[in-house]
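Data block for my_file-v8.cif (mmCIF, C-alpha atoms):
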data_final
loop_
_atom_site.label_atom_id
_atom_site.label_comp_id
_atom_site.auth_asym_id
_atom_site.auth_seq_id
_atom_site.Cartn_x
_atom_site.Cartn_y
_atom_site.Cartn_z
CA MET Y 1 74.32 -51.54 24.98
CA LYS Y 2 72.16 -53.83 22.87
CA LYS Y 3 69.08 -51.75 23.69
CA LEU Y 4 70.82 -48.55 22.59
CA ILE Y 5 71.86 -50.11 19.27
CA LEU Y 6 68.30 -51.40 18.71
CA LEU Y 7 66.89 -47.87 19.34
CA PHE Y 8 69.22 -46.28 16.77
CA ILE Y 9 68.24 -48.87 14.15
CA THR Y 10 64.52 -48.27 14.80
CA VAL Y 11 64.89 -44.48 14.49
CA PHE Y 12 66.93 -44.89 11.30
CA LEU Y 13 64.19 -47.00 9.69
CA ILE Y 14 61.15 -44.90 10.76
CA ALA Y 15 62.52 -41.35 10.26
CA PRO Y 16 62.38 -41.32 6.41
CA SER Y 17 58.70 -42.35 6.38
CA LEU Y 18 57.83 -39.63 8.91
CA PHE Y 19 59.56 -36.95 6.84
CA ALA Y 20 57.86 -38.25 3.71
CA GLN Y 21 54.39 -37.96 5.31
CA SER Y 22 55.00 -34.40 6.50
CA SER Y 23 55.24 -33.00 2.97
CA PRO Y 24 51.95 -31.44 1.72
CA TYR Y 25 52.79 -31.98 -1.97
CA PRO Y 26 52.06 -35.18 -3.91
CA LYS Y 27 54.79 -37.09 -5.72
CA ASP Y 28 55.12 -38.30 -9.28
CA LYS Y 29 56.16 -41.77 -10.38
CA ASP Y 30 59.82 -40.88 -9.95
CA GLY Y 31 59.25 -39.78 -6.37
CA ASN Y 32 59.61 -36.07 -7.06
CA GLU Y 33 57.22 -33.64 -5.36
CA ILE Y 34 54.70 -31.94 -7.61
CA LYS Y 35 54.59 -28.23 -6.72
CA PRO Y 36 52.54 -25.48 -8.47
CA GLU Y 37 54.48 -22.94 -10.45
CA TRP Y 38 54.38 -19.49 -8.94
CA ALA Y 39 54.78 -16.98 -11.72
CA PRO Y 40 52.79 -13.79 -10.95
CA THR Y 41 52.62 -11.29 -13.77
CA LYS Y 42 51.40 -8.36 -11.67
CA SER Y 43 51.39 -7.40 -8.06
CA ASP Y 44 47.69 -8.18 -7.78
CA GLN Y 45 47.63 -11.22 -10.08
CA SER Y 46 48.62 -14.83 -9.52
CA ALA Y 47 49.24 -17.72 -11.84
CA PHE Y 48 45.72 -18.94 -11.14
CA GLY Y 49 44.05 -15.72 -12.32
CA GLU Y 50 43.25 -12.26 -11.07
CA ASP Y 51 42.46 -11.83 -7.41
CA GLU Y 52 39.06 -10.32 -6.54
CA LYS Y 53 39.34 -6.56 -6.54
CA LEU Y 54 37.50 -4.31 -4.11
CA LYS Y 55 35.48 -1.65 -5.87
CA ALA Y 56 36.32 1.88 -4.89
CA ASP Y 57 32.71 2.76 -3.99
CA SER Y 58 31.71 -0.54 -2.40
CA LEU Y 59 32.01 0.84 1.13
CA ASP Y 60 30.18 4.10 0.38
CA ALA Y 61 26.73 4.63 1.88
CA LYS Y 62 23.89 3.68 -0.45
CA ARG Y 63 21.83 6.49 -1.89
CA LEU Y 64 18.33 6.79 -0.43
CA PRO Y 65 15.20 8.37 -1.91
CA LYS Y 66 14.51 11.82 -0.58
CA SER Y 67 11.86 12.07 2.11
CA THR Y 68 10.20 15.30 0.96
CA ASN Y 69 9.37 17.40 -2.12
CA PHE Y 70 7.94 14.68 -4.38
CA TRP Y 71 4.70 13.88 -6.22
CA VAL Y 72 2.47 10.86 -5.69
CA TYR Y 73 -0.13 9.55 -8.14
CA GLY Y 74 -2.18 6.41 -8.39
CA ALA Y 75 -5.54 4.89 -7.47
CA SER Y 76 -7.41 3.88 -4.34
CA ILE Y 77 -10.68 2.35 -3.23
CA GLY Y 78 -13.03 3.90 -0.69
CA SER Y 79 -14.46 7.35 -0.15
CA PRO Y 80 -15.44 9.54 -1.85
CA ALA Y 81 -16.15 7.84 -5.23
CA SER Y 82 -15.63 4.12 -4.45
CA LEU Y 83 -12.77 4.00 -6.98
CA ASN Y 84 -10.57 7.10 -6.90
CA PHE Y 85 -7.68 8.57 -8.81
CA ASN Y 86 -5.15 10.30 -6.56
CA LEU Y 87 -2.67 13.11 -7.08
CA GLY Y 88 -0.65 14.67 -4.28
CA TYR Y 89 2.52 16.54 -3.40
CA TYR Y 90 4.67 16.23 -0.28
CA PHE Y 91 6.36 19.62 0.25
CA LYS Y 92 8.53 19.80 3.37
CA ASP Y 93 6.04 19.03 6.18
CA VAL Y 94 2.93 19.96 4.15
CA VAL Y 95 0.82 17.48 2.15
CA LEU Y 96 -1.57 18.55 -0.60
CA ARG Y 97 -3.68 15.80 -2.14
CA GLY Y 98 -6.79 15.41 -4.25
CA SER Y 99 -8.79 12.27 -4.99
CA GLY Y 100 -12.00 11.32 -6.72
CA GLY Y 101 -13.67 10.04 -9.83
CA ALA Y 102 -16.86 10.11 -11.92
CA TRP Y 103 -18.48 6.86 -13.03
CA GLY Y 104 -21.98 8.00 -13.97
CA PRO Y 105 -24.47 10.88 -13.72
CA HIS Y 106 -25.13 10.04 -10.06
CA TRP Y 107 -21.98 8.12 -9.12
CA LEU Y 108 -19.15 10.55 -8.54
CA GLY Y 109 -17.16 12.24 -5.82
CA GLY Y 110 -14.15 14.34 -4.97
CA GLN Y 111 -12.04 15.11 -1.91
CA VAL Y 112 -9.30 17.64 -1.12
CA ASP Y 113 -6.75 17.07 1.67
CA LEU Y 114 -4.50 19.53 3.47
CA GLY Y 115 -2.13 17.69 5.78
CA TYR Y 116 0.88 17.95 8.06
CA THR Y 117 3.60 15.28 8.05
CA PHE Y 118 4.73 14.70 11.63
CA TRP Y 119 7.05 11.73 10.92
CA LYS Y 120 8.83 10.80 7.74
CA THR Y 121 11.77 8.81 6.44
CA PRO Y 122 12.82 7.97 2.87
CA VAL Y 123 10.36 5.04 3.05
CA ILE Y 124 7.54 6.00 5.47
CA ALA Y 125 5.46 9.16 5.91
CA HIS Y 126 2.86 9.67 8.65
CA SER Y 127 0.55 12.69 8.43
CA ILE Y 128 -2.73 14.17 9.69
CA SER Y 129 -5.06 15.87 7.21
CA ILE Y 130 -8.10 18.10 7.21
CA VAL Y 131 -10.33 16.93 4.37
CA GLY Y 132 -13.42 18.16 2.59
CA GLY Y 133 -15.45 16.37 -0.04
CA TYR Y 134 -18.68 15.62 -1.83
CA PHE Y 135 -20.13 12.48 -3.38
CA GLU Y 136 -23.25 11.13 -5.08
CA VAL Y 137 -24.35 7.51 -5.41
CA ASN Y 138 -27.40 5.72 -6.78
CA PRO Y 139 -27.48 2.18 -5.36
CA PHE Y 140 -30.13 -0.26 -6.53
CA ALA Y 141 -32.71 -1.38 -3.98
CA PRO Y 142 -30.73 -0.48 -0.84
CA GLU Y 143 -31.96 -1.56 2.55
CA VAL Y 144 -33.26 1.18 4.78
CA GLY Y 145 -31.06 1.83 7.80
CA ARG Y 146 -27.96 0.19 6.32
CA GLY Y 147 -24.73 1.99 5.47
CA GLY Y 148 -25.36 5.01 7.68
CA GLN Y 149 -28.18 6.45 5.57
CA SER Y 150 -30.87 8.32 7.49
CA SER Y 151 -33.56 7.95 4.80
CA TYR Y 152 -34.05 6.87 1.22
CA PRO Y 153 -35.99 9.15 -1.12
CA THR Y 154 -38.24 7.42 -3.66
CA GLY Y 155 -37.94 9.93 -6.50
CA LEU Y 156 -41.59 11.03 -6.13
CA ASN Y 157 -42.07 14.58 -4.93
CA ILE Y 158 -45.53 13.76 -3.57
CA PRO Y 159 -46.28 13.92 0.16
CA GLY Y 160 -46.73 10.45 1.61
CA TYR Y 161 -44.73 8.75 -1.18
CA ASN Y 162 -41.38 10.56 -1.16
CA ARG Y 163 -39.74 8.49 1.59
CA ARG Y 164 -38.66 4.86 1.33
CA ASP Y 165 -39.17 4.41 5.08
CA PRO Y 166 -42.68 5.89 5.50
CA SER Y 167 -43.60 7.63 8.73
CA GLN Y 168 -47.00 7.45 10.44
CA GLU Y 169 -48.09 10.57 8.57
CA ASP Y 170 -47.02 9.03 5.24
CA LEU Y 171 -49.12 5.91 5.93
CA LEU Y 172 -52.17 8.04 6.75
CA ILE Y 173 -51.77 9.94 3.46
CA ARG Y 174 -51.44 6.70 1.49
CA SER Y 175 -54.54 5.25 3.15
CA TYR Y 176 -56.50 8.38 2.30
CA VAL Y 177 -55.39 8.30 -1.36
CA ASN Y 178 -56.38 4.61 -1.64
CA SER Y 179 -59.82 5.38 -0.19
CA ILE Y 180 -60.41 8.01 -2.89
CA ASP Y 181 -58.85 6.26 -5.91
CA SER Y 182 -57.35 2.83 -5.43
CA ASN Y 183 -55.90 2.74 -8.96
CA PHE Y 184 -54.06 6.01 -8.47
CA GLY Y 185 -52.88 4.84 -5.05
CA THR Y 186 -51.56 1.62 -6.58
CA TYR Y 187 -49.69 3.59 -9.24
CA LEU Y 188 -48.04 5.79 -6.61
CA GLU Y 189 -47.12 2.72 -4.57
CA TYR Y 190 -45.53 1.20 -7.67
CA GLU Y 191 -43.51 4.34 -8.44
CA SER Y 192 -42.24 4.41 -4.84
CA ARG Y 193 -41.46 0.69 -4.79
CA GLU Y 194 -38.36 -0.60 -3.04
CA ARG Y 195 -36.77 -2.30 -6.04
CA GLN Y 196 -35.46 0.81 -7.76
CA ARG Y 197 -32.43 3.04 -7.68
CA VAL Y 198 -32.22 5.91 -5.24
CA HIS Y 199 -30.12 9.04 -5.48
CA LEU Y 200 -28.03 9.82 -2.39
CA SER Y 201 -25.57 12.66 -1.88
CA GLN Y 202 -23.42 14.06 0.90
CA ARG Y 203 -21.09 17.00 1.65
CA TYR Y 204 -18.60 16.54 4.48
CA VAL Y 205 -15.51 17.77 6.29
CA GLY Y 206 -13.31 15.57 8.44
CA LEU Y 207 -10.00 14.69 10.03
CA THR Y 208 -7.91 11.73 8.83
CA TYR Y 209 -4.66 9.90 9.55
CA ASP Y 210 -2.61 9.19 6.42
CA PHE Y 211 0.05 6.50 6.07
CA LEU Y 212 2.39 6.17 3.08
CA LEU Y 213 4.69 3.12 3.17
CA GLY Y 214 6.69 2.93 -0.03
CA ASN Y 215 3.85 2.88 -2.55
CA PHE Y 216 1.11 1.63 -0.22
CA PHE Y 217 -1.32 4.36 0.88
CA LEU Y 218 -3.87 4.20 3.70
CA GLN Y 219 -6.17 6.94 4.95
CA VAL Y 220 -8.66 6.49 7.79
CA GLY Y 221 -10.67 9.01 9.77
CA GLY Y 222 -14.08 10.48 10.43
CA GLY Y 223 -16.22 13.28 9.09
CA VAL Y 224 -19.48 15.16 9.52
CA GLY Y 225 -21.67 16.77 6.91
CA GLN Y 226 -25.06 17.35 5.35
CA GLY Y 227 -26.97 15.02 3.08
CA ASP Y 228 -28.55 11.59 3.16
CA TYR Y 229 -26.03 10.07 5.60
CA LYS Y 230 -25.91 10.09 9.38
CA ASN Y 231 -23.09 11.72 11.34
CA PRO Y 232 -20.35 10.88 12.06
CA GLN Y 233 -19.19 9.13 8.90
CA LEU Y 234 -16.25 6.80 8.34
CA LEU Y 235 -13.70 8.07 5.81
CA LEU Y 236 -11.45 5.36 4.38
CA GLN Y 237 -9.10 5.09 1.42
CA MET Y 238 -6.60 2.37 0.56
CA GLY Y 239 -4.56 2.11 -2.60
CA TYR Y 240 -1.26 2.12 -4.47
CA LEU Y 241 0.52 5.39 -5.23
CA PHE Y 242 3.56 5.81 -7.43
CA ASN Y 243 6.03 8.54 -6.47
CA THR Y 244 8.70 10.74 -8.04
CA ARG Y 245 11.26 10.42 -5.27
CA GLU Y 246 14.72 11.08 -6.65
CA TYR Y 247 17.79 9.54 -5.06
CA HIS Y 248 20.30 11.69 -3.24
CA ASP Y 249 23.60 11.22 -1.44
#
Could you write out this structure as structure tokens?
Amino acid sequence: MKKLILLFITVFLIAPSLFAQSSPYPKDKDGNEIKPEWAPTKSDQSAFGEDEKLKADSLDAKRLPKSTNFWVYGASIGSPASLNFNLGYYFKDVVLRGSGGAWGPHWLGGQVDLGYTFWKTPVIAHSISIVGGYFEVNPFAPEVGRGGQSSYPTGLNIPGYNRRDPSQEDLLIRSYVNSIDSNFGTYLEYESRERQRVHLSQRYVGLTYDFLLGNFFLQVGGGVGQGDYKNPQLLLQMGYLFNTREYHD
């Protein structure tokens, strides 16, 4: 009996503290619970401010740029003019593009591309193009046999002195001229000296792979032609092209 009475007294003393600890609200100095006032003014507004609203179009699919029928324009480095301006149009699966520039009387070039786009998205376009072009350059003191050139003319239209890389026949002619008039031979040797500019030109046709990723443009391929360069020739362009892609649903 004493144990039962002791249990009731213990429960009576501990129960109020347990109930007091279970309340999530703090109390003021008078022991009253401090509860926030709940006074909503609208169905979607609380006393603490407006709830975040979901925009009506937030779940709609984002608009993407169209993948065809747009212009591209910009600049690139590489063939045919070293530094080129580019203008092109992507129409359905057909690509029309022109590139080139003129930087001097003998430093110019131009190329025309007709291509087919075999894979395209609003961001990427892969195509294959048939190209044709022409260029002229006048490098200073180039090394014979470098850069794919077959020969370097000297600018003298005189047999024996019109080739930078003289053949056996050219050397025989030069020896003969020196035996007759050494001063004249020395003058011709000076005019055909290595440290001078040479005029090189080339016409070509080729096949290229074109890659347009956003605004980055890359073209690489090969070509054959007639001029001062050996066949086949490497065709390479790389640059930045702006576009007129409009956005659509």
(request) For atom CA of Val137 of chain Y and atom CA of Trp107 of chain Y, quote the distance in Å rounded to one decimal. (result) 4.4 Å
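Shortest atom-to-atom contact with Gly100 of chain Y among Y:Ala75, Y:Ala81, Y:Leu171, Y:Leu218: Y:Ala81, counting all atoms listed in the file.
Using all atoms listed in the file, the protein and nucleic acid residues lying no more than 9 Å from Asp210 of chain Y, apart from those fewer than 2 places from it along its own chain, are Gly115, Thr117, Ala125, His126, Ser127, Ile128, Ser129, Thr208, Leu212, Phe217, Leu218, Gln219, Val220 and Gly221 of chain Y.
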(request) Just say which residues the PyMOL selection byres ((chain Y and resi 166) around 12) picks in this file, as a PyMOL selection string. (result) chain Y and resi 144+151-154+159-165+167-174+189+192-194
Those same residues, written as a short mmCIF file (atom, residue, chain, number, x, y, z; two decimals), in the coordinates of the input with C-alpha atoms?
data_model
loop_
_atom_site.label_atom_id
_atom_site.label_comp_id
_atom_site.auth_asym_id
_atom_site.auth_seq_id
_atom_site.Cartn_x
_atom_site.Cartn_y
_atom_site.Cartn_z
CA VAL Y 144 -33.26 1.18 4.78
CA SER Y 151 -33.56 7.95 4.80
CA TYR Y 152 -34.05 6.87 1.22
CA PRO Y 153 -35.99 9.15 -1.12
CA THR Y 154 -38.24 7.42 -3.66
CA PRO Y 159 -46.28 13.92 0.16
CA GLY Y 160 -46.73 10.45 1.61
CA TYR Y 161 -44.73 8.75 -1.18
CA ASN Y 162 -41.38 10.56 -1.16
CA ARG Y 163 -39.74 8.49 1.59
CA ARG Y 164 -38.66 4.86 1.33
CA ASP Y 165 -39.17 4.41 5.08
CA SER Y 167 -43.60 7.63 8.73
CA GLN Y 168 -47.00 7.45 10.44
CA GLU Y 169 -48.09 10.57 8.57
CA ASP Y 170 -47.02 9.03 5.24
CA LEU Y 171 -49.12 5.91 5.93
CA LEU Y 172 -52.17 8.04 6.75
CA ILE Y 173 -51.77 9.94 3.46
CA ARG Y 174 -51.44 6.70 1.49
CA GLU Y 189 -47.12 2.72 -4.57
CA SER Y 192 -42.24 4.41 -4.84
CA ARG Y 193 -41.46 0.69 -4.79
CA GLU Y 194 -38.36 -0.60 -3.04
#
(request) Give the answer as one residue: which of Y:Gly78, Y:Gly133, Y:Gly104, Y:Pro65 has the shortest atom-to-atom distance to Asn243 of chain Y, using all atoms listed in the file? (result) Y:Pro65
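Here atom CA of Leu235 of chain Y stands at a distance of 14.8 Å from atom CA of Glu136 of chain Y.
Among Y:Tyr204, Y:Phe184, Y:Phe211, Y:Tyr90, the residue with the shortest atom-to-atom distance to Tyr134 of chain Y, counting all atoms listed in the file, is Y:Tyr204.
Interatomic distance, atom CA of Arg97 of chain Y against atom CA of Gly227 of chain Y: 23.9 Å.
Considering the residues Y:Ile130, Y:Ala141, Y:Leu200, Y:Val177 and counting all atoms listed in the file, Gly109 of chain Y has its shortest atom-to-atom contact with Y:Leu200.
Environment of (50.1, -30.0, -3.0): residues at most 8 Å away, judged by only C-alpha atoms, are Pro24, Tyr25, Pro26, Ile34, Lys35 and Pro36 of chain Y.
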Neighbour list for Pro232 of chain Y as a compact mmCIF listing (two decimals) with C-alpha atoms, keeping the file's coordinate frame, cut-off 10 Å, all atoms listed in the file, skip fewer than 4 positions in-chain:
# COMPACT_ATOMS: atom_id res chain seq x y z
CA GLY Y 148 -25.36 5.01 7.68
CA TYR Y 204 -18.60 16.54 4.48
CA GLY Y 206 -13.31 15.57 8.44
CA GLY Y 222 -14.08 10.48 10.43
CA GLY Y 223 -16.22 13.28 9.09
CA VAL Y 224 -19.48 15.16 9.52
CA GLY Y 225 -21.67 16.77 6.91
